[in-house]
Every structure is written in structure tokens, then in C-alpha cells.
>>> print(open('query_11.cif').read())   # mmCIF, C-alpha atoms
data_my_file
#
loop_
_atom_site.label_atom_id
_atom_site.label_comp_id
_atom_site.auth_asym_id
_atom_site.auth_seq_id
_atom_site.Cartn_x
_atom_site.Cartn_y
_atom_site.Cartn_z
CA MET Y 1 -1.63 13.17 -17.08
CA GLU Y 2 -1.70 11.83 -20.66
CA TYR Y 3 -4.42 9.26 -21.27
CA ALA Y 4 -4.73 6.99 -24.29
CA VAL Y 5 -8.40 6.41 -23.53
CA GLU Y 6 -10.92 8.36 -21.49
CA MET Y 7 -14.51 7.18 -21.20
CA LEU Y 8 -16.39 9.42 -18.81
CA ASN Y 9 -19.83 8.52 -17.45
CA ILE Y 10 -20.55 6.23 -20.41
CA THR Y 11 -23.94 4.57 -20.65
CA LYS Y 12 -25.18 2.31 -23.45
CA ASP Y 13 -28.86 1.49 -23.61
CA PHE Y 14 -30.44 -1.17 -25.77
CA PRO Y 15 -34.18 -1.85 -25.87
CA GLY Y 16 -34.93 -3.26 -22.42
CA ILE Y 17 -31.24 -3.53 -21.44
CA ARG Y 18 -28.65 -1.15 -20.05
CA ALA Y 19 -25.31 -2.71 -21.06
CA ASN Y 20 -23.08 -0.17 -19.34
CA ASP Y 21 -24.32 2.31 -16.77
CA ASP Y 22 -22.29 5.43 -15.94
CA VAL Y 23 -18.91 3.78 -16.58
CA THR Y 24 -15.71 5.82 -16.31
CA ILE Y 25 -12.39 4.42 -17.52
CA ARG Y 26 -9.06 6.19 -17.90
CA LEU Y 27 -6.14 4.28 -19.40
CA LYS Y 28 -2.74 5.93 -19.19
CA LYS Y 29 -0.60 5.75 -22.32
CA GLY Y 30 1.64 2.69 -22.46
CA THR Y 31 -0.12 0.74 -19.72
CA ILE Y 32 -1.57 -2.77 -19.78
CA HIS Y 33 -5.09 -3.53 -18.55
CA ALA Y 34 -7.34 -6.56 -18.24
CA LEU Y 35 -11.10 -6.23 -18.29
CA LEU Y 36 -12.69 -9.22 -16.58
CA GLY Y 37 -16.33 -10.13 -16.30
CA GLU Y 38 -18.95 -12.77 -16.83
CA ASN Y 39 -20.69 -13.31 -20.15
CA GLY Y 40 -23.21 -10.53 -20.64
CA ALA Y 41 -21.44 -8.11 -18.29
CA GLY Y 42 -20.98 -5.51 -21.06
CA LYS Y 43 -17.29 -6.02 -21.87
CA SER Y 44 -17.75 -6.40 -25.62
CA THR Y 45 -20.21 -3.49 -25.73
CA LEU Y 46 -17.62 -1.32 -24.02
CA LEU Y 47 -15.00 -2.33 -26.59
CA LYS Y 48 -17.38 -1.67 -29.46
CA MET Y 49 -17.87 1.84 -28.14
CA LEU Y 50 -14.10 2.31 -27.84
CA THR Y 51 -13.56 1.23 -31.44
CA GLY Y 52 -16.49 3.19 -32.86
CA VAL Y 53 -18.56 0.16 -33.86
CA THR Y 54 -21.37 1.53 -31.70
CA THR Y 55 -21.88 4.82 -29.90
CA PRO Y 56 -22.70 5.42 -26.26
CA THR Y 57 -26.19 6.58 -25.36
CA SER Y 58 -24.62 9.17 -23.06
CA GLY Y 59 -21.23 10.25 -21.75
CA ASP Y 60 -17.98 11.48 -23.27
CA MET Y 61 -15.11 9.62 -24.92
CA LYS Y 62 -11.66 10.71 -25.95
CA ILE Y 63 -9.25 8.42 -27.81
CA ASN Y 64 -5.65 9.61 -28.18
CA GLY Y 65 -4.04 7.41 -30.79
CA GLU Y 66 -4.62 4.77 -33.44
CA ILE Y 67 -6.51 1.66 -32.29
CA SER Y 68 -6.05 -1.88 -33.55
CA ALA Y 69 -8.68 -4.24 -32.24
CA LEU Y 70 -9.39 -7.92 -32.47
CA LEU Y 71 -13.00 -8.04 -31.32
CA GLU Y 72 -14.54 -11.00 -33.12
CA LEU Y 73 -12.81 -13.54 -35.31
CA GLY Y 74 -13.44 -12.83 -38.94
CA THR Y 75 -14.30 -9.16 -38.51
CA GLY Y 76 -12.73 -7.24 -41.36
CA PHE Y 77 -12.03 -10.36 -43.40
CA ASN Y 78 -13.79 -11.59 -46.54
CA PRO Y 79 -14.32 -15.35 -46.17
CA GLU Y 80 -14.06 -15.87 -49.94
CA TYR Y 81 -10.60 -14.23 -50.08
CA ASN Y 82 -7.41 -16.06 -49.26
CA GLY Y 83 -5.05 -14.94 -46.52
CA TYR Y 84 -2.96 -12.76 -48.82
CA GLU Y 85 -6.01 -11.00 -50.24
CA ASN Y 86 -7.35 -10.37 -46.74
CA ILE Y 87 -4.02 -8.86 -45.68
CA TYR Y 88 -4.30 -6.35 -48.53
CA LEU Y 89 -8.01 -5.78 -47.81
CA ASN Y 90 -7.28 -4.93 -44.17
CA GLY Y 91 -4.48 -2.61 -45.19
CA SER Y 92 -6.66 -0.74 -47.66
CA MET Y 93 -9.39 -0.34 -45.02
CA ARG Y 94 -6.79 1.35 -42.81
CA GLY Y 95 -5.51 3.62 -45.56
CA PHE Y 96 -2.33 1.75 -46.50
CA SER Y 97 -1.34 1.47 -50.16
CA ARG Y 98 -0.79 -1.89 -51.83
CA ALA Y 99 2.97 -1.17 -51.90
CA GLU Y 100 2.99 -0.41 -48.15
CA MET Y 101 1.14 -3.65 -47.44
CA SER Y 102 3.50 -5.60 -49.71
CA ASP Y 103 6.28 -4.51 -47.36
CA LYS Y 104 4.33 -6.02 -44.44
CA VAL Y 105 3.27 -9.35 -46.01
CA GLU Y 106 6.42 -11.28 -45.02
CA GLU Y 107 6.20 -10.06 -41.41
CA ILE Y 108 2.51 -10.99 -41.23
CA THR Y 109 2.78 -14.42 -42.82
CA SER Y 110 5.86 -15.26 -40.74
CA PHE Y 111 4.12 -14.31 -37.49
CA ALA Y 112 0.85 -16.06 -38.41
CA ASP Y 113 2.80 -19.21 -39.30
CA ILE Y 114 -0.05 -20.99 -41.09
CA GLY Y 115 2.10 -22.23 -43.95
CA GLU Y 116 0.50 -23.04 -47.28
CA TYR Y 117 -2.97 -22.26 -45.93
CA ILE Y 118 -2.24 -18.56 -46.40
CA ALA Y 119 -3.13 -19.10 -50.09
CA GLN Y 120 -6.48 -20.76 -49.26
CA PRO Y 121 -9.82 -18.97 -48.76
CA ILE Y 122 -10.14 -18.11 -45.09
CA LYS Y 123 -13.56 -19.78 -44.95
CA THR Y 124 -11.52 -23.01 -44.90
CA TYR Y 125 -9.42 -21.91 -41.87
CA SER Y 126 -9.87 -23.28 -38.39
CA SER Y 127 -10.66 -20.71 -35.71
CA GLY Y 128 -7.06 -21.00 -34.49
CA MET Y 129 -5.67 -20.27 -37.96
CA LEU Y 130 -8.00 -17.30 -38.30
CA ALA Y 131 -6.88 -15.98 -34.90
CA ARG Y 132 -3.24 -16.30 -36.00
CA LEU Y 133 -3.82 -14.31 -39.18
CA ALA Y 134 -6.02 -11.71 -37.48
CA PHE Y 135 -3.50 -11.05 -34.70
CA ALA Y 136 -0.58 -10.87 -37.13
CA VAL Y 137 -2.43 -8.37 -39.33
CA MET Y 138 -3.57 -6.30 -36.36
CA VAL Y 139 -0.11 -5.83 -34.82
CA CYS Y 140 1.56 -5.02 -38.16
CA PHE Y 141 -0.22 -1.65 -38.11
CA LYS Y 142 1.84 -0.59 -35.07
CA PRO Y 143 -1.11 0.82 -33.11
CA ASP Y 144 -0.97 3.19 -30.16
CA ILE Y 145 -3.80 1.25 -28.50
CA LEU Y 146 -4.27 -2.53 -28.81
CA ILE Y 147 -7.56 -4.17 -27.86
CA VAL Y 148 -7.98 -7.95 -27.81
CA ASP Y 149 -11.38 -9.41 -26.88
CA GLU Y 150 -11.05 -13.12 -26.05
CA ALA Y 151 -10.07 -13.85 -29.64
CA LEU Y 152 -6.77 -15.45 -28.68
CA SER Y 153 -8.52 -18.00 -26.47
CA VAL Y 154 -9.17 -20.10 -29.59
CA GLY Y 155 -5.50 -20.36 -30.55
CA ASP Y 156 -3.15 -23.04 -29.33
CA VAL Y 157 -1.19 -22.38 -26.14
CA PHE Y 158 2.08 -21.90 -28.05
CA PHE Y 159 0.57 -19.18 -30.22
CA GLN Y 160 -0.96 -17.51 -27.16
CA GLN Y 161 2.50 -17.45 -25.56
CA LYS Y 162 4.01 -16.08 -28.79
CA CYS Y 163 1.42 -13.27 -28.80
CA ASN Y 164 1.99 -12.47 -25.12
CA THR Y 165 5.76 -12.36 -25.62
CA TYR Y 166 5.34 -10.15 -28.68
CA MET Y 167 3.07 -7.75 -26.81
CA LYS Y 168 5.54 -7.52 -23.90
CA GLU Y 169 8.74 -7.22 -25.90
CA GLU Y 170 7.80 -5.62 -29.22
CA MET Y 171 4.92 -3.38 -28.22
CA LYS Y 172 6.46 -1.32 -25.44
CA GLY Y 173 4.70 2.01 -25.08
CA VAL Y 174 1.47 0.67 -26.59
CA THR Y 175 -1.64 0.86 -24.40
CA LYS Y 176 -3.09 -2.65 -24.19
CA LEU Y 177 -6.59 -3.70 -23.15
CA LEU Y 178 -7.14 -7.45 -22.95
CA VAL Y 179 -10.62 -8.74 -22.27
CA THR Y 180 -11.77 -12.11 -20.97
CA HIS Y 181 -14.43 -13.73 -18.85
CA ASP Y 182 -11.94 -16.38 -17.68
#
>>> encode(input="query_11.cif", output="C-alpha cells")
Amino acid sequence: MEYAVEMLNITKDFPGIRANDDVTIRLKKGTIHALLGENGAGKSTLLKMLTGVTTPTSGDMKINGEISALLELGTGFNPEYNGYENIYLNGSMRGFSRAEMSDKVEEITSFADIGEYIAQPIKTYSSGMLARLAFAVMVCFKPDILIVDEALSVGDVFFQQKCNTYMKEEMKGVTKLLVTHD
């Protein structure tokens, strides 16, 4: 059995709090999963361990593939940069050359569909506009594993539907983990 993600007996301790206690998750390649839970249940902590933002206190993890994650709006973006500059910044952080990212700019800006605001500093964006740009950038990297943590809940319903359709139709074979408390 080929797994995209294996987290075996994962525990994450914080001072006075155990966020995840002996959690085991196996996600088969190309499958879609939803992680549901109340605020404070440890969902975001689990995702941060998956993406390497934090490490488990104990347990074993194996990730088979490239992850793209939308954990918190604004993560990986410089608020002083405009949308274009942030596209290139994200690409460089993932090891893409400027020329490679130039080939992706039209796809990203078309999907984000924020019009002239793409040339404005993202500190002026609404949360919905930021979600549009972040999702468009994230999927352009063609990940093996896609993780979305409640970030799309800020976008308008039409954009949420556009993202869901894209994930179903254009991201076949990608392991998807969608997280919400709703």
C-alpha cells in the first residue's frame, strides 16, 4: 500500500498542553480527506507537523511527495510586496527560477481573478482577495499533497466553488487534506 502521508503514534506537547496524543494517520496517495474538529482540537497543530512548521514530541512521520499548504492567510507573503512580487517570492522559496515563475504568472493571476489589485501591496487586500491569491499560487506548484486549513472559508461562495471544482477536475491523483471546524 502506497501512502502519501504516514503519521504513526504522533504526540505534540506544549507547556501544560498535549495538542495531539498518540495520533496515527495514513493517507493513501490520490485520496481526499476532511479533518473535522472544534477549535482547539489540535487540527492546525497536526497540519503544522505535516508541513514541517513544528516537529512532533514523539512518533514517526513519513511524507511521500511535495506538499503545498494553505495554513494561515498571509503565510509566505510579504505584506509590503504587491501580488506579482509575492508570486515570485513564493516561487523562489520553493526553488523555482524567475523565468519558471514568469511562465506561471498568467495562470495564477487568471485563477485569482483580483484584477488591478494584483499590482497593489497585499497589505491592502481583503482577506478574500488574499485567499484567492494564496490558493492560486499554491496550486500552481502542482503538489503531490494539498493541505487547506480553513483558509477558503473567508472567500466568497463563488470562489470556494471554483476552488472545489479545480481540486476535483484538475488535481486528480493529488492527495488532499481539507480542514475545518464547521
>>> axis_aligned_box(input="query_11.cif", around="region 115-118 of chain Y", padding_each_side="6 Å", output="JSON")
{"center_x": -0.4, "center_y": -20.8, "center_z": -45.6, "size_x": 17.1, "size_y": 16.5, "size_z": 15.3}
>>> resolve_selection(input="query_11.cif", expression="the PyMOL selection byres ((chain Y and resi 120) around 12)", output="PyMOL selection string")
chain Y and resi 79-86+114-119+121-126+129-130
>>> resolve_selection(input="query_11.cif", expression="the PyMOL selection byres ((chain Y and resi 7) around 9)", output="count of residues only")
15
>>> atom_distance(input="query_11.cif", atom1="CA of Ala131 (chain Y)", atom2="CA of Glu38 (chain Y)")
22.0 Å
>>> closest_residue(input="query_11.cif", among="Y:Ser110, Y:Thr11, Y:Gln160, Y:Thr51", to="Asn64 (chain Y)", atoms="all atoms listed in the file")
Y:Thr51
>>> resolve_selection(input="query_11.cif", expression="the PyMOL selection byres ((chain Y and resi 42-46) around 8)", output="PyMOL selection string")
chain Y and resi 12+19-20+35-37+39-41+47-50+54+71+149+179
>>> residues_around(input="query_11.cif", residues="Phe135 (chain Y)", least_positions_apart="6", cutoff="9 Å", atoms="all atoms listed in the file", output="number ranges by chain")
Y: 69-70, 108, 111-112, 148, 151-152, 163
>>> atom_distance(input="query_11.cif", atom1="CA of Asp13 (chain Y)", atom2="CA of Val53 (chain Y)")
14.6 Å
>>> atom_distance(input="query_11.cif", atom1="CA of Thr31 (chain Y)", atom2="CA of Gly173 (chain Y)")
7.3 Å
